[in-house]
>>> print(open('run-v6.pdb').read())   # PDB, C-alpha atoms, pLDDT in the B column
ATOM      1  CA  MET A   1       5.929 -46.334  95.055  1.00 57.00           C
ATOM      2  CA  LEU A   2       4.548 -48.000  91.944  1.00 52.00           C
ATOM      3  CA  PHE A   3       1.669 -45.519  91.902  1.00 54.00           C
ATOM      4  CA  ALA A   4       4.102 -42.610  92.183  1.00 52.00           C
ATOM      5  CA  LEU A   5       6.160 -43.913  89.273  1.00 49.00           C
ATOM      6  CA  SER A   6       3.037 -44.436  87.183  1.00 52.00           C
ATOM      7  CA  ALA A   7       1.863 -40.927  87.941  1.00 43.00           C
ATOM      8  CA  ALA A   8       5.256 -39.502  87.007  1.00 41.00           C
ATOM      9  CA  ALA A   9       5.282 -41.465  83.761  1.00 39.00           C
ATOM     10  CA  ALA A  10       1.773 -40.298  82.934  1.00 39.00           C
ATOM     11  CA  ALA A  11       2.767 -36.694  83.631  1.00 42.00           C
ATOM     12  CA  ALA A  12       5.819 -37.016  81.394  1.00 39.00           C
ATOM     13  CA  ILE A  13       3.735 -38.472  78.577  1.00 43.00           C
ATOM     14  CA  SER A  14       1.143 -35.749  79.004  1.00 50.00           C
ATOM     15  CA  TYR A  15       3.780 -33.015  78.860  1.00 43.00           C
ATOM     16  CA  ALA A  16       5.415 -34.588  75.809  1.00 57.00           C
ATOM     17  CA  GLY A  17       2.056 -34.565  74.053  1.00 69.00           C
ATOM     18  CA  TYR A  18       1.389 -30.977  75.085  1.00 74.00           C
ATOM     19  CA  ALA A  19       4.787 -29.910  73.764  1.00 82.00           C
ATOM     20  CA  THR A  20       3.971 -31.186  70.258  1.00 90.00           C
ATOM     21  CA  MET A  21       1.360 -28.441  69.920  1.00 89.00           C
ATOM     22  CA  ALA A  22       2.226 -25.700  72.446  1.00 90.00           C
ATOM     23  CA  PRO A  23       3.534 -22.753  70.413  1.00 90.00           C
ATOM     24  CA  GLU A  24       6.254 -21.631  72.823  1.00 88.00           C
ATOM     25  CA  SER A  25       7.530 -25.087  73.823  1.00 92.00           C
ATOM     26  CA  GLN A  26      11.122 -25.846  72.846  1.00 91.00           C
ATOM     27  CA  LEU A  27      11.074 -29.493  73.959  1.00 91.00           C
ATOM     28  CA  TYR A  28      11.341 -30.933  70.444  1.00 89.00           C
ATOM     29  CA  GLY A  29      13.729 -28.366  69.037  1.00 89.00           C
ATOM     30  CA  ARG A  30      14.346 -24.664  68.798  1.00 92.00           C
ATOM     31  CA  THR A  31      11.729 -22.531  67.074  1.00 96.00           C
ATOM     32  CA  LEU A  32      11.260 -18.777  66.794  1.00 96.00           C
ATOM     33  CA  THR A  33       8.438 -17.666  69.119  1.00 96.00           C
ATOM     34  CA  HIS A  34       9.170 -13.958  69.660  1.00 95.00           C
ATOM     35  CA  GLY A  35      11.786 -11.272  69.175  1.00 94.00           C
ATOM     36  CA  SER A  36      13.783  -9.232  71.645  1.00 93.00           C
ATOM     37  CA  ASP A  37      12.707  -5.680  70.779  1.00 94.00           C
ATOM     38  CA  PRO A  38       9.451  -4.678  72.545  1.00 94.00           C
ATOM     39  CA  GLY A  39       9.141  -1.825  70.083  1.00 95.00           C
ATOM     40  CA  GLN A  40       8.371  -4.305  67.301  1.00 96.00           C
ATOM     41  CA  MET A  41       5.382  -6.520  66.546  1.00 97.00           C
ATOM     42  CA  ALA A  42       5.177  -9.209  63.860  1.00 98.00           C
ATOM     43  CA  LEU A  43       1.752  -9.917  62.414  1.00 98.00           C
ATOM     44  CA  THR A  44       1.633 -13.322  60.744  1.00 98.00           C
ATOM     45  CA  TYR A  45      -1.126 -14.827  58.600  1.00 98.00           C
ATOM     46  CA  ASP A  46      -1.706 -18.514  57.887  1.00 98.00           C
ATOM     47  CA  ASP A  47      -3.670 -20.512  55.309  1.00 98.00           C
ATOM     48  CA  GLY A  48      -3.549 -18.177  52.280  1.00 98.00           C
ATOM     49  CA  PRO A  49      -3.334 -17.070  49.617  1.00 98.00           C
ATOM     50  CA  ASN A  50      -7.052 -16.360  49.651  1.00 98.00           C
ATOM     51  CA  ASP A  51      -9.403 -14.344  47.478  1.00 97.00           C
ATOM     52  CA  PRO A  52     -10.501 -11.675  48.260  1.00 97.00           C
ATOM     53  CA  ASP A  53      -9.346 -11.205  51.848  1.00 98.00           C
ATOM     54  CA  THR A  54      -5.588 -11.558  51.299  1.00 98.00           C
ATOM     55  CA  LEU A  55      -5.741  -8.729  48.778  1.00 98.00           C
ATOM     56  CA  ARG A  56      -7.852  -6.611  51.130  1.00 98.00           C
ATOM     57  CA  LEU A  57      -5.353  -7.278  53.878  1.00 98.00           C
ATOM     58  CA  LEU A  58      -2.510  -6.086  51.655  1.00 98.00           C
ATOM     59  CA  GLU A  59      -4.370  -2.817  51.186  1.00 98.00           C
ATOM     60  CA  VAL A  60      -4.770  -2.321  54.944  1.00 98.00           C
ATOM     61  CA  LEU A  61      -1.107  -3.080  55.609  1.00 98.00           C
ATOM     62  CA  ALA A  62      -0.033  -0.695  52.837  1.00 98.00           C
ATOM     63  CA  GLU A  63      -2.179   2.095  54.269  1.00 97.00           C
ATOM     64  CA  HIS A  64      -0.238   1.827  57.533  1.00 97.00           C
ATOM     65  CA  ARG A  65       3.146   1.122  55.931  1.00 97.00           C
ATOM     66  CA  ALA A  66       3.320  -2.139  57.864  1.00 98.00           C
ATOM     67  CA  THR A  67       5.037  -5.332  56.805  1.00 98.00           C
ATOM     68  CA  ALA A  68       3.917  -8.810  57.807  1.00 98.00           C
ATOM     69  CA  THR A  69       4.548 -12.501  57.133  1.00 98.00           C
ATOM     70  CA  PHE A  70       2.286 -14.884  55.212  1.00 98.00           C
ATOM     71  CA  PHE A  71       2.542 -18.657  55.641  1.00 98.00           C
ATOM     72  CA  LEU A  72       1.021 -20.044  52.451  1.00 98.00           C
ATOM     73  CA  ILE A  73      -0.515 -23.414  51.564  1.00 98.00           C
ATOM     74  CA  GLY A  74       0.979 -24.908  48.416  1.00 98.00           C
ATOM     75  CA  LYS A  75      -2.250 -26.017  46.727  1.00 98.00           C
ATOM     76  CA  TYR A  76      -3.659 -22.500  47.096  1.00 98.00           C
ATOM     77  CA  VAL A  77      -0.452 -20.938  45.779  1.00 98.00           C
ATOM     78  CA  ARG A  78      -0.800 -22.952  42.581  1.00 98.00           C
ATOM     79  CA  ARG A  79      -4.422 -21.862  42.336  1.00 98.00           C
ATOM     80  CA  ARG A  80      -3.593 -18.158  42.738  1.00 98.00           C
ATOM     81  CA  PRO A  81       0.130 -17.547  42.193  1.00 98.00           C
ATOM     82  CA  ASP A  82      -0.715 -13.935  41.376  1.00 98.00           C
ATOM     83  CA  ILE A  83      -1.734 -13.309  44.989  1.00 98.00           C
ATOM     84  CA  ALA A  84       1.504 -14.863  46.242  1.00 98.00           C
ATOM     85  CA  ARG A  85       3.417 -12.546  43.907  1.00 98.00           C
ATOM     86  CA  ALA A  86       1.398  -9.563  45.157  1.00 98.00           C
ATOM     87  CA  ILE A  87       2.341 -10.404  48.746  1.00 98.00           C
ATOM     88  CA  ARG A  88       6.021 -10.534  47.868  1.00 98.00           C
ATOM     89  CA  ALA A  89       5.891  -7.425  45.675  1.00 98.00           C
ATOM     90  CA  ALA A  90       4.442  -5.495  48.610  1.00 98.00           C
ATOM     91  CA  GLY A  91       7.541  -6.326  50.656  1.00 97.00           C
ATOM     92  CA  HIS A  92       6.079  -8.943  52.972  1.00 98.00           C
ATOM     93  CA  ALA A  93       7.825 -12.163  53.983  1.00 98.00           C
ATOM     94  CA  ILE A  94       6.496 -15.519  52.802  1.00 98.00           C
ATOM     95  CA  GLY A  95       6.715 -18.882  54.514  1.00 98.00           C
ATOM     96  CA  ASN A  96       5.902 -22.532  53.830  1.00 98.00           C
ATOM     97  CA  HIS A  97       2.706 -23.849  55.468  1.00 98.00           C
ATOM     98  CA  THR A  98       2.810 -27.256  53.730  1.00 98.00           C
ATOM     99  CA  GLU A  99       1.039 -28.449  50.610  1.00 98.00           C
ATOM    100  CA  SER A 100      -2.325 -29.453  52.127  1.00 98.00           C
ATOM    101  CA  HIS A 101      -2.248 -28.486  55.844  1.00 98.00           C
ATOM    102  CA  PRO A 102      -2.102 -31.845  57.660  1.00 98.00           C
ATOM    103  CA  ASN A 103      -1.153 -32.143  61.316  1.00 97.00           C
ATOM    104  CA  LEU A 104       2.466 -33.198  60.829  1.00 97.00           C
ATOM    105  CA  ILE A 105       2.751 -35.139  64.082  1.00 96.00           C
ATOM    106  CA  PHE A 106       0.560 -37.814  62.495  1.00 96.00           C
ATOM    107  CA  VAL A 107       2.140 -38.167  59.042  1.00 97.00           C
ATOM    108  CA  SER A 108       4.908 -40.491  57.882  1.00 97.00           C
ATOM    109  CA  ALA A 109       8.419 -39.243  57.191  1.00 97.00           C
ATOM    110  CA  PRO A 110       7.971 -39.525  53.374  1.00 98.00           C
ATOM    111  CA  ARG A 111       4.648 -37.670  53.530  1.00 98.00           C
ATOM    112  CA  LEU A 112       6.205 -34.978  55.728  1.00 98.00           C
ATOM    113  CA  ARG A 113       8.979 -34.331  53.243  1.00 98.00           C
ATOM    114  CA  GLN A 114       6.540 -34.380  50.326  1.00 98.00           C
ATOM    115  CA  GLU A 115       4.288 -31.800  52.027  1.00 98.00           C
ATOM    116  CA  LEU A 116       7.185 -29.404  52.561  1.00 98.00           C
ATOM    117  CA  GLU A 117       8.912 -29.977  49.211  1.00 98.00           C
ATOM    118  CA  THR A 118       5.735 -29.631  47.147  1.00 98.00           C
ATOM    119  CA  CYS A 119       4.825 -26.365  48.844  1.00 98.00           C
ATOM    120  CA  LYS A 120       8.422 -25.183  48.520  1.00 98.00           C
ATOM    121  CA  LYS A 121       8.281 -25.796  44.764  1.00 98.00           C
ATOM    122  CA  ALA A 122       4.931 -23.997  44.429  1.00 98.00           C
ATOM    123  CA  LEU A 123       6.303 -20.959  46.250  1.00 98.00           C
ATOM    124  CA  GLU A 124       9.491 -20.836  44.187  1.00 98.00           C
ATOM    125  CA  ASP A 125       7.519 -21.132  40.959  1.00 98.00           C
ATOM    126  CA  ALA A 126       5.192 -18.321  42.036  1.00 98.00           C
ATOM    127  CA  ILE A 127       7.575 -15.767  43.539  1.00 98.00           C
ATOM    128  CA  GLY A 128      10.852 -16.741  41.901  1.00 97.00           C
ATOM    129  CA  GLU A 129      12.812 -17.273  45.117  1.00 96.00           C
ATOM    130  CA  ALA A 130      13.064 -19.584  48.100  1.00 94.00           C
ATOM    131  CA  ALA A 131      10.822 -18.977  51.099  1.00 96.00           C
ATOM    132  CA  PRO A 132      13.085 -19.326  54.163  1.00 97.00           C
ATOM    133  CA  TRP A 133      10.379 -19.628  56.829  1.00 98.00           C
ATOM    134  CA  PHE A 134       8.188 -22.549  57.889  1.00 98.00           C
ATOM    135  CA  ARG A 135       5.173 -22.843  60.172  1.00 98.00           C
ATOM    136  CA  PRO A 136       3.693 -26.271  60.962  1.00 98.00           C
ATOM    137  CA  PRO A 137      -0.093 -26.472  60.592  1.00 98.00           C
ATOM    138  CA  PHE A 138      -1.853 -26.367  63.965  1.00 96.00           C
ATOM    139  CA  GLY A 139       1.607 -25.838  65.460  1.00 96.00           C
ATOM    140  CA  GLY A 140       2.089 -29.624  65.434  1.00 96.00           C
ATOM    141  CA  ARG A 141       5.703 -30.728  65.373  1.00 94.00           C
ATOM    142  CA  ARG A 142       8.097 -33.385  66.561  1.00 94.00           C
ATOM    143  CA  PRO A 143      11.869 -33.469  66.165  1.00 95.00           C
ATOM    144  CA  ASN A 144      11.692 -34.907  62.653  1.00 96.00           C
ATOM    145  CA  VAL A 145       9.351 -32.108  61.534  1.00 97.00           C
ATOM    146  CA  LEU A 146      11.844 -29.444  62.549  1.00 97.00           C
ATOM    147  CA  ARG A 147      14.837 -31.378  61.208  1.00 97.00           C
ATOM    148  CA  THR A 148      13.164 -31.853  57.838  1.00 98.00           C
ATOM    149  CA  ALA A 149      12.264 -28.176  57.568  1.00 98.00           C
ATOM    150  CA  ARG A 150      15.832 -27.154  58.363  1.00 97.00           C
ATOM    151  CA  SER A 151      17.234 -29.661  55.876  1.00 97.00           C
ATOM    152  CA  LEU A 152      15.206 -27.836  53.212  1.00 98.00           C
ATOM    153  CA  GLY A 153      16.643 -24.478  54.238  1.00 97.00           C
ATOM    154  CA  MET A 154      13.725 -23.220  56.328  1.00 98.00           C
ATOM    155  CA  GLN A 155      13.602 -21.836  59.854  1.00 97.00           C
ATOM    156  CA  PRO A 156      10.583 -22.909  61.967  1.00 98.00           C
ATOM    157  CA  VAL A 157       8.442 -20.039  63.224  1.00 98.00           C
ATOM    158  CA  MET A 158       5.745 -20.328  65.878  1.00 98.00           C
ATOM    159  CA  TRP A 159       4.009 -17.487  67.740  1.00 98.00           C
ATOM    160  CA  SER A 160       3.566 -15.864  71.150  1.00 97.00           C
ATOM    161  CA  VAL A 161       0.078 -14.350  70.734  1.00 97.00           C
ATOM    162  CA  THR A 162      -3.027 -15.976  69.260  1.00 97.00           C
ATOM    163  CA  GLY A 163      -5.929 -13.997  67.813  1.00 97.00           C
ATOM    164  CA  TYR A 164      -8.302 -17.018  67.675  1.00 97.00           C
ATOM    165  CA  ASP A 165      -9.708 -15.423  64.550  1.00 97.00           C
ATOM    166  CA  TRP A 166     -10.786 -18.713  62.986  1.00 95.00           C
ATOM    167  CA  SER A 167     -13.737 -18.884  65.397  1.00 92.00           C
ATOM    168  CA  ALA A 168     -14.261 -15.211  66.285  1.00 94.00           C
ATOM    169  CA  LYS A 169     -17.737 -13.750  65.996  1.00 94.00           C
ATOM    170  CA  SER A 170     -16.464 -10.195  65.526  1.00 98.00           C
ATOM    171  CA  SER A 171     -13.352  -8.163  64.779  1.00 98.00           C
ATOM    172  CA  ASN A 172     -13.592  -6.621  68.237  1.00 98.00           C
ATOM    173  CA  ASN A 173     -13.376 -10.079  69.744  1.00 98.00           C
ATOM    174  CA  ILE A 174     -10.140 -10.791  67.859  1.00 98.00           C
ATOM    175  CA  VAL A 175      -8.634  -7.473  68.935  1.00 98.00           C
ATOM    176  CA  ARG A 176      -9.577  -7.980  72.585  1.00 97.00           C
ATOM    177  CA  LYS A 177      -7.846 -11.364  72.663  1.00 97.00           C
ATOM    178  CA  VAL A 178      -4.673  -9.988  71.077  1.00 98.00           C
ATOM    179  CA  VAL A 179      -4.554  -6.895  73.282  1.00 97.00           C
ATOM    180  CA  ARG A 180      -5.111  -8.944  76.436  1.00 97.00           C
ATOM    181  CA  GLN A 181      -2.074 -11.083  75.621  1.00 96.00           C
ATOM    182  CA  VAL A 182       0.171  -8.265  74.392  1.00 96.00           C
ATOM    183  CA  ASP A 183      -0.573  -5.822  77.180  1.00 93.00           C
ATOM    184  CA  GLY A 184      -0.643  -8.521  79.838  1.00 88.00           C
ATOM    185  CA  ARG A 185       2.853  -9.805  79.036  1.00 82.00           C
ATOM    186  CA  SER A 186       5.149  -9.423  82.038  1.00 75.00           C
ATOM    187  CA  ARG A 187       8.390  -9.794  80.079  1.00 77.00           C
ATOM    188  CA  LYS A 188       9.376  -7.294  77.429  1.00 87.00           C
ATOM    189  CA  GLN A 189       9.663  -8.790  73.966  1.00 93.00           C
ATOM    190  CA  SER A 190       8.463  -8.378  70.413  1.00 95.00           C
ATOM    191  CA  GLU A 191       5.357 -10.474  69.919  1.00 97.00           C
ATOM    192  CA  ILE A 192       4.610 -12.758  66.979  1.00 98.00           C
ATOM    193  CA  VAL A 193       0.835 -12.657  66.448  1.00 98.00           C
ATOM    194  CA  LEU A 194      -1.005 -15.581  64.846  1.00 98.00           C
ATOM    195  CA  LEU A 195      -3.859 -14.624  62.505  1.00 98.00           C
ATOM    196  CA  HIS A 196      -5.370 -16.138  59.341  1.00 98.00           C
ATOM    197  CA  ASP A 197      -6.039 -14.657  55.914  1.00 98.00           C
ATOM    198  CA  GLY A 198      -7.478 -17.936  54.604  1.00 98.00           C
ATOM    199  CA  GLY A 199      -8.896 -21.255  55.748  1.00 97.00           C
ATOM    200  CA  HIS A 200      -7.307 -24.659  55.315  1.00 96.00           C
ATOM    201  CA  LEU A 201     -10.641 -26.395  54.723  1.00 95.00           C
ATOM    202  CA  GLN A 202     -11.499 -24.433  51.585  1.00 95.00           C
ATOM    203  CA  PHE A 203     -10.292 -21.691  49.304  1.00 96.00           C
ATOM    204  CA  GLY A 204     -12.299 -18.470  49.621  1.00 95.00           C
ATOM    205  CA  ALA A 205     -12.818 -18.622  53.393  1.00 96.00           C
ATOM    206  CA  ASP A 206     -14.390 -15.484  54.833  1.00 97.00           C
ATOM    207  CA  ARG A 207     -11.731 -13.588  56.786  1.00 97.00           C
ATOM    208  CA  HIS A 208     -13.220 -10.084  56.693  1.00 97.00           C
ATOM    209  CA  ARG A 209     -13.166 -10.015  60.507  1.00 98.00           C
ATOM    210  CA  THR A 210      -9.404 -10.576  60.460  1.00 98.00           C
ATOM    211  CA  VAL A 211      -8.930  -7.819  57.893  1.00 98.00           C
ATOM    212  CA  GLU A 212     -10.834  -5.346  60.058  1.00 98.00           C
ATOM    213  CA  ALA A 213      -9.109  -6.574  63.244  1.00 98.00           C
ATOM    214  CA  THR A 214      -5.775  -5.948  61.546  1.00 98.00           C
ATOM    215  CA  ARG A 215      -6.805  -2.379  60.790  1.00 98.00           C
ATOM    216  CA  MET A 216      -7.790  -1.887  64.428  1.00 98.00           C
ATOM    217  CA  LEU A 217      -4.543  -3.348  65.757  1.00 98.00           C
ATOM    218  CA  LEU A 218      -2.489  -1.153  63.439  1.00 98.00           C
ATOM    219  CA  GLU A 219      -4.382   1.916  64.598  1.00 97.00           C
ATOM    220  CA  LYS A 220      -3.986   0.979  68.259  1.00 97.00           C
ATOM    221  CA  TYR A 221      -0.281   0.139  68.279  1.00 97.00           C
ATOM    222  CA  SER A 222       1.312   2.041  65.391  1.00 94.00           C
ATOM    223  CA  ALA A 223       2.364   4.951  67.608  1.00 94.00           C
ATOM    224  CA  ALA A 224       4.242   2.663  69.992  1.00 93.00           C
ATOM    225  CA  LYS A 225       5.362  -0.250  67.831  1.00 95.00           C
ATOM    226  CA  LYS A 226       6.814  -0.900  64.413  1.00 97.00           C
ATOM    227  CA  PHE A 227       5.055  -3.666  62.515  1.00 98.00           C
ATOM    228  CA  VAL A 228       7.693  -5.868  60.904  1.00 98.00           C
ATOM    229  CA  SER A 229       8.039  -9.139  59.025  1.00 97.00           C
ATOM    230  CA  ILE A 230       9.743 -12.168  60.531  1.00 97.00           C
ATOM    231  CA  ALA A 231      12.772 -11.323  58.387  1.00 94.00           C
ATOM    232  CA  ASP A 232      13.030  -7.895  60.011  1.00 93.00           C
ATOM    233  CA  LEU A 233      12.323  -9.315  63.463  1.00 87.00           C
ATOM    234  CA  THR A 234      15.276 -11.677  63.228  1.00 76.00           C
ATOM    235  CA  ALA A 235      17.571  -9.179  61.520  1.00 67.00           C
ATOM    236  CA  GLY A 236      17.925  -7.182  64.732  1.00 56.00           C
TER
END
>>> encode(input="run-v6.pdb", output="structure tokens")
Amino acid sequence: MLFALSAAAAAAISYAGYATMAPESQLYGRTLTHGSDPGQMALTYDDGPNDPDTLRLLEVLAEHRATATFFLIGKYVRRRPDIARAIRAAGHAIGNHTESHPNLIFVSAPRLRQELETCKKALEDAIGEAAPWFRPPFGGRRPNVLRTARSLGMQPVMWSVTGYDWSAKSSNNIVRKVVRQVDGRSRKQSEIVLLHDGGHLQFGADRHRTVEATRMLLEKYSAAKKFVSIADLTAG
């Protein structure tokens, strides 16, 4: 009996830990993981703004008349506010990805608020308006993370499809991973795809594979799906 209780407790602890990082888990609070219209797809990009690949990505999206969502790191926004403005001017949605990209499950409550508020200020200074979306770095969150984001007027956004582009050896590899998840989905929904236009470890990260993978995904799905921002995804 004691062993059974210990095993159950261990399983509960394990699941609680898993839920802090699992993108579609709702254990610690409601987050947006997908939309309801299977005719839509939301491409999202983390860790920018980044030079030159964010700008190249904007060109690819414009060529296909697609909108997307960019979750920006505050310290990079202050370094290149012009890129943040270019994203917004092109009609894309912008979200808060913290000031310095820590895993928020490990930071104190004051540090958590500082990370979100400092990035929030950088975004408002750059684009002249509030950014209403928030994505936790690494997907790490606990109840206080989501509560703090909402108290600052932001809605937490996760994802349903991962491109694993941060470690991909080719654009084809990124596309294969996305297509496998999108086409293999049994339930009909609009997917939120996680990609990266920058890298949290340094400004100027090479994301040319993601840029080309984006072009390939747009060419593959544009006839069947409309590529929308998170704002458009939730508007329906």
>>> atom_distance(input="run-v6.pdb", atom1="atom CA of A:Gln181", atom2="atom CA of A:Ala149")
28.7 Å
>>> residues_around(input="run-v6.pdb", residues="stretch 109-121 of chain A", least_positions_apart="3", cutoff="10 Å", atoms="only C-alpha atoms", output="CSV table (one decimal) with C-alpha atoms, keeping the file's coordinate frame")
chain,number,residue,atom,x,y,z
A,72,LEU,CA,1.0,-20.0,52.5
A,73,ILE,CA,-0.5,-23.4,51.6
A,74,GLY,CA,1.0,-24.9,48.4
A,75,LYS,CA,-2.2,-26.0,46.7
A,76,TYR,CA,-3.7,-22.5,47.1
A,77,VAL,CA,-0.5,-20.9,45.8
A,78,ARG,CA,-0.8,-23.0,42.6
A,95,GLY,CA,6.7,-18.9,54.5
A,96,ASN,CA,5.9,-22.5,53.8
A,97,HIS,CA,2.7,-23.8,55.5
A,98,THR,CA,2.8,-27.3,53.7
A,99,GLU,CA,1.0,-28.4,50.6
A,100,SER,CA,-2.3,-29.5,52.1
A,101,HIS,CA,-2.2,-28.5,55.8
A,102,PRO,CA,-2.1,-31.8,57.7
A,103,ASN,CA,-1.2,-32.1,61.3
A,104,LEU,CA,2.5,-33.2,60.8
A,105,ILE,CA,2.8,-35.1,64.1
A,106,PHE,CA,0.6,-37.8,62.5
A,124,GLU,CA,9.5,-20.8,44.2
A,125,ASP,CA,7.5,-21.1,41.0
A,126,ALA,CA,5.2,-18.3,42.0
A,128,GLY,CA,10.9,-16.7,41.9
A,129,GLU,CA,12.8,-17.3,45.1
A,130,ALA,CA,13.1,-19.6,48.1
A,131,ALA,CA,10.8,-19.0,51.1
A,132,PRO,CA,13.1,-19.3,54.2
A,134,PHE,CA,8.2,-22.5,57.9
A,136,PRO,CA,3.7,-26.3,61.0
A,144,ASN,CA,11.7,-34.9,62.7
A,145,VAL,CA,9.4,-32.1,61.5
A,148,THR,CA,13.2,-31.9,57.8
A,149,ALA,CA,12.3,-28.2,57.6
A,151,SER,CA,17.2,-29.7,55.9
A,152,LEU,CA,15.2,-27.8,53.2
A,154,MET,CA,13.7,-23.2,56.3
>>> residues_around(input="run-v6.pdb", residues="stretch 215-229 of chain A", least_positions_apart="4", cutoff="8 Å", atoms="all atoms listed in the file", output="list in words")
Pro38, Gly39, Gln40, Met41, Ala42, Leu43, Thr44, Val60, Leu61, His64, Ala66, Thr67, Ala68, Thr69, His92, Ala93, Val175, Val211 and Leu233 of chain A
>>> atom_distance(input="run-v6.pdb", atom1="atom CA of A:Thr20", atom2="atom CA of A:Val179")
25.9 Å
>>> resolve_selection(input="run-v6.pdb", expression="the PyMOL selection byres ((chain A and resi 176) around 12)", output="list in words")
Val161, Thr162, Gly163, Tyr164, Asp165, Ala168, Lys169, Ser170, Ser171, Asn172, Asn173, Ile174, Val175, Lys177, Val178, Val179, Arg180, Gln181, Val182, Asp183, Gly184, Ala213, Thr214, Met216, Leu217 and Lys220 of chain A
>>> residues_around(input="run-v6.pdb", residues="A:Gly35", least_positions_apart="6", cutoff="10 Å", atoms="all atoms listed in the file", output="NGL selection string")
:A and (41-42 or 160 or 188-192 or 230 or 232-236)
>>> write_last_selection(input="run-v6.pdb", atoms="C-alpha atoms", output="PDB file, in the coordinates of the input")
ATOM      1  CA  MET A  41       5.382  -6.520  66.546  1.00 97.00           C
ATOM      2  CA  ALA A  42       5.177  -9.209  63.860  1.00 98.00           C
ATOM      3  CA  SER A 160       3.566 -15.864  71.150  1.00 97.00           C
ATOM      4  CA  LYS A 188       9.376  -7.294  77.429  1.00 87.00           C
ATOM      5  CA  GLN A 189       9.663  -8.790  73.966  1.00 93.00           C
ATOM      6  CA  SER A 190       8.463  -8.378  70.413  1.00 95.00           C
ATOM      7  CA  GLU A 191       5.357 -10.474  69.919  1.00 97.00           C
ATOM      8  CA  ILE A 192       4.610 -12.758  66.979  1.00 98.00           C
ATOM      9  CA  ILE A 230       9.743 -12.168  60.531  1.00 97.00           C
ATOM     10  CA  ASP A 232      13.030  -7.895  60.011  1.00 93.00           C
ATOM     11  CA  LEU A 233      12.323  -9.315  63.463  1.00 87.00           C
ATOM     12  CA  THR A 234      15.276 -11.677  63.228  1.00 76.00           C
ATOM     13  CA  ALA A 235      17.571  -9.179  61.520  1.00 67.00           C
ATOM     14  CA  GLY A 236      17.925  -7.182  64.732  1.00 56.00           C
TER      15      GLY A 236
END
>>> residues_around(input="run-v6.pdb", residues="A:Asp47", least_positions_apart="4", cutoff="7 Å", atoms="only C-alpha atoms", output="PyMOL selection string")
chain A and resi 71-73+196-200
>>> atom_distance(input="run-v6.pdb", atom1="atom CA of A:Asp206", atom2="atom CA of A:Trp159")
22.6 Å
>>> decode(input="run-v6.pdb", residues="stretch 25-51 of chain A", atoms="C-alpha atoms", output="PDB file, in the first residue's frame")
ATOM      1  CA  SER A  25      -0.940  21.462 -21.054  1.00  0.00           C
ATOM      2  CA  GLN A  26      -3.557  23.569 -19.281  1.00  0.00           C
ATOM      3  CA  LEU A  27      -2.742  22.340 -15.765  1.00  0.00           C
ATOM      4  CA  TYR A  28      -1.339  25.664 -14.551  1.00  0.00           C
ATOM      5  CA  GLY A  29      -3.790  27.918 -16.334  1.00  0.00           C
ATOM      6  CA  ARG A  30      -5.421  28.524 -19.668  1.00  0.00           C
ATOM      7  CA  THR A  31      -3.190  29.348 -22.619  1.00  0.00           C
ATOM      8  CA  LEU A  32      -3.861  29.625 -26.342  1.00  0.00           C
ATOM      9  CA  THR A  33      -2.494  26.530 -28.119  1.00  0.00           C
ATOM     10  CA  HIS A  34      -4.493  26.444 -31.371  1.00  0.00           C
ATOM     11  CA  GLY A  35      -7.496  27.915 -33.135  1.00  0.00           C
ATOM     12  CA  SER A  36     -10.744  26.371 -34.284  1.00  0.00           C
ATOM     13  CA  ASP A  37     -10.615  26.982 -38.043  1.00  0.00           C
ATOM     14  CA  PRO A  38      -8.639  24.259 -39.889  1.00  0.00           C
ATOM     15  CA  GLY A  39      -8.431  26.597 -42.854  1.00  0.00           C
ATOM     16  CA  GLN A  40      -6.027  28.832 -40.927  1.00  0.00           C
ATOM     17  CA  MET A  41      -2.424  28.419 -39.808  1.00  0.00           C
ATOM     18  CA  ALA A  42      -0.488  30.746 -37.501  1.00  0.00           C
ATOM     19  CA  LEU A  43       3.261  30.903 -37.992  1.00  0.00           C
ATOM     20  CA  THR A  44       5.003  32.273 -34.913  1.00  0.00           C
ATOM     21  CA  TYR A  45       8.649  33.275 -34.486  1.00  0.00           C
ATOM     22  CA  ASP A  46      10.565  33.577 -31.219  1.00  0.00           C
ATOM     23  CA  ASP A  47      13.807  35.235 -30.108  1.00  0.00           C
ATOM     24  CA  GLY A  48      13.987  38.228 -32.485  1.00  0.00           C
ATOM     25  CA  PRO A  49      14.347  40.853 -33.644  1.00  0.00           C
ATOM     26  CA  ASN A  50      17.410  39.586 -35.473  1.00  0.00           C
ATOM     27  CA  ASP A  51      19.595  40.916 -38.260  1.00  0.00           C
TER      28      ASP A  51
END
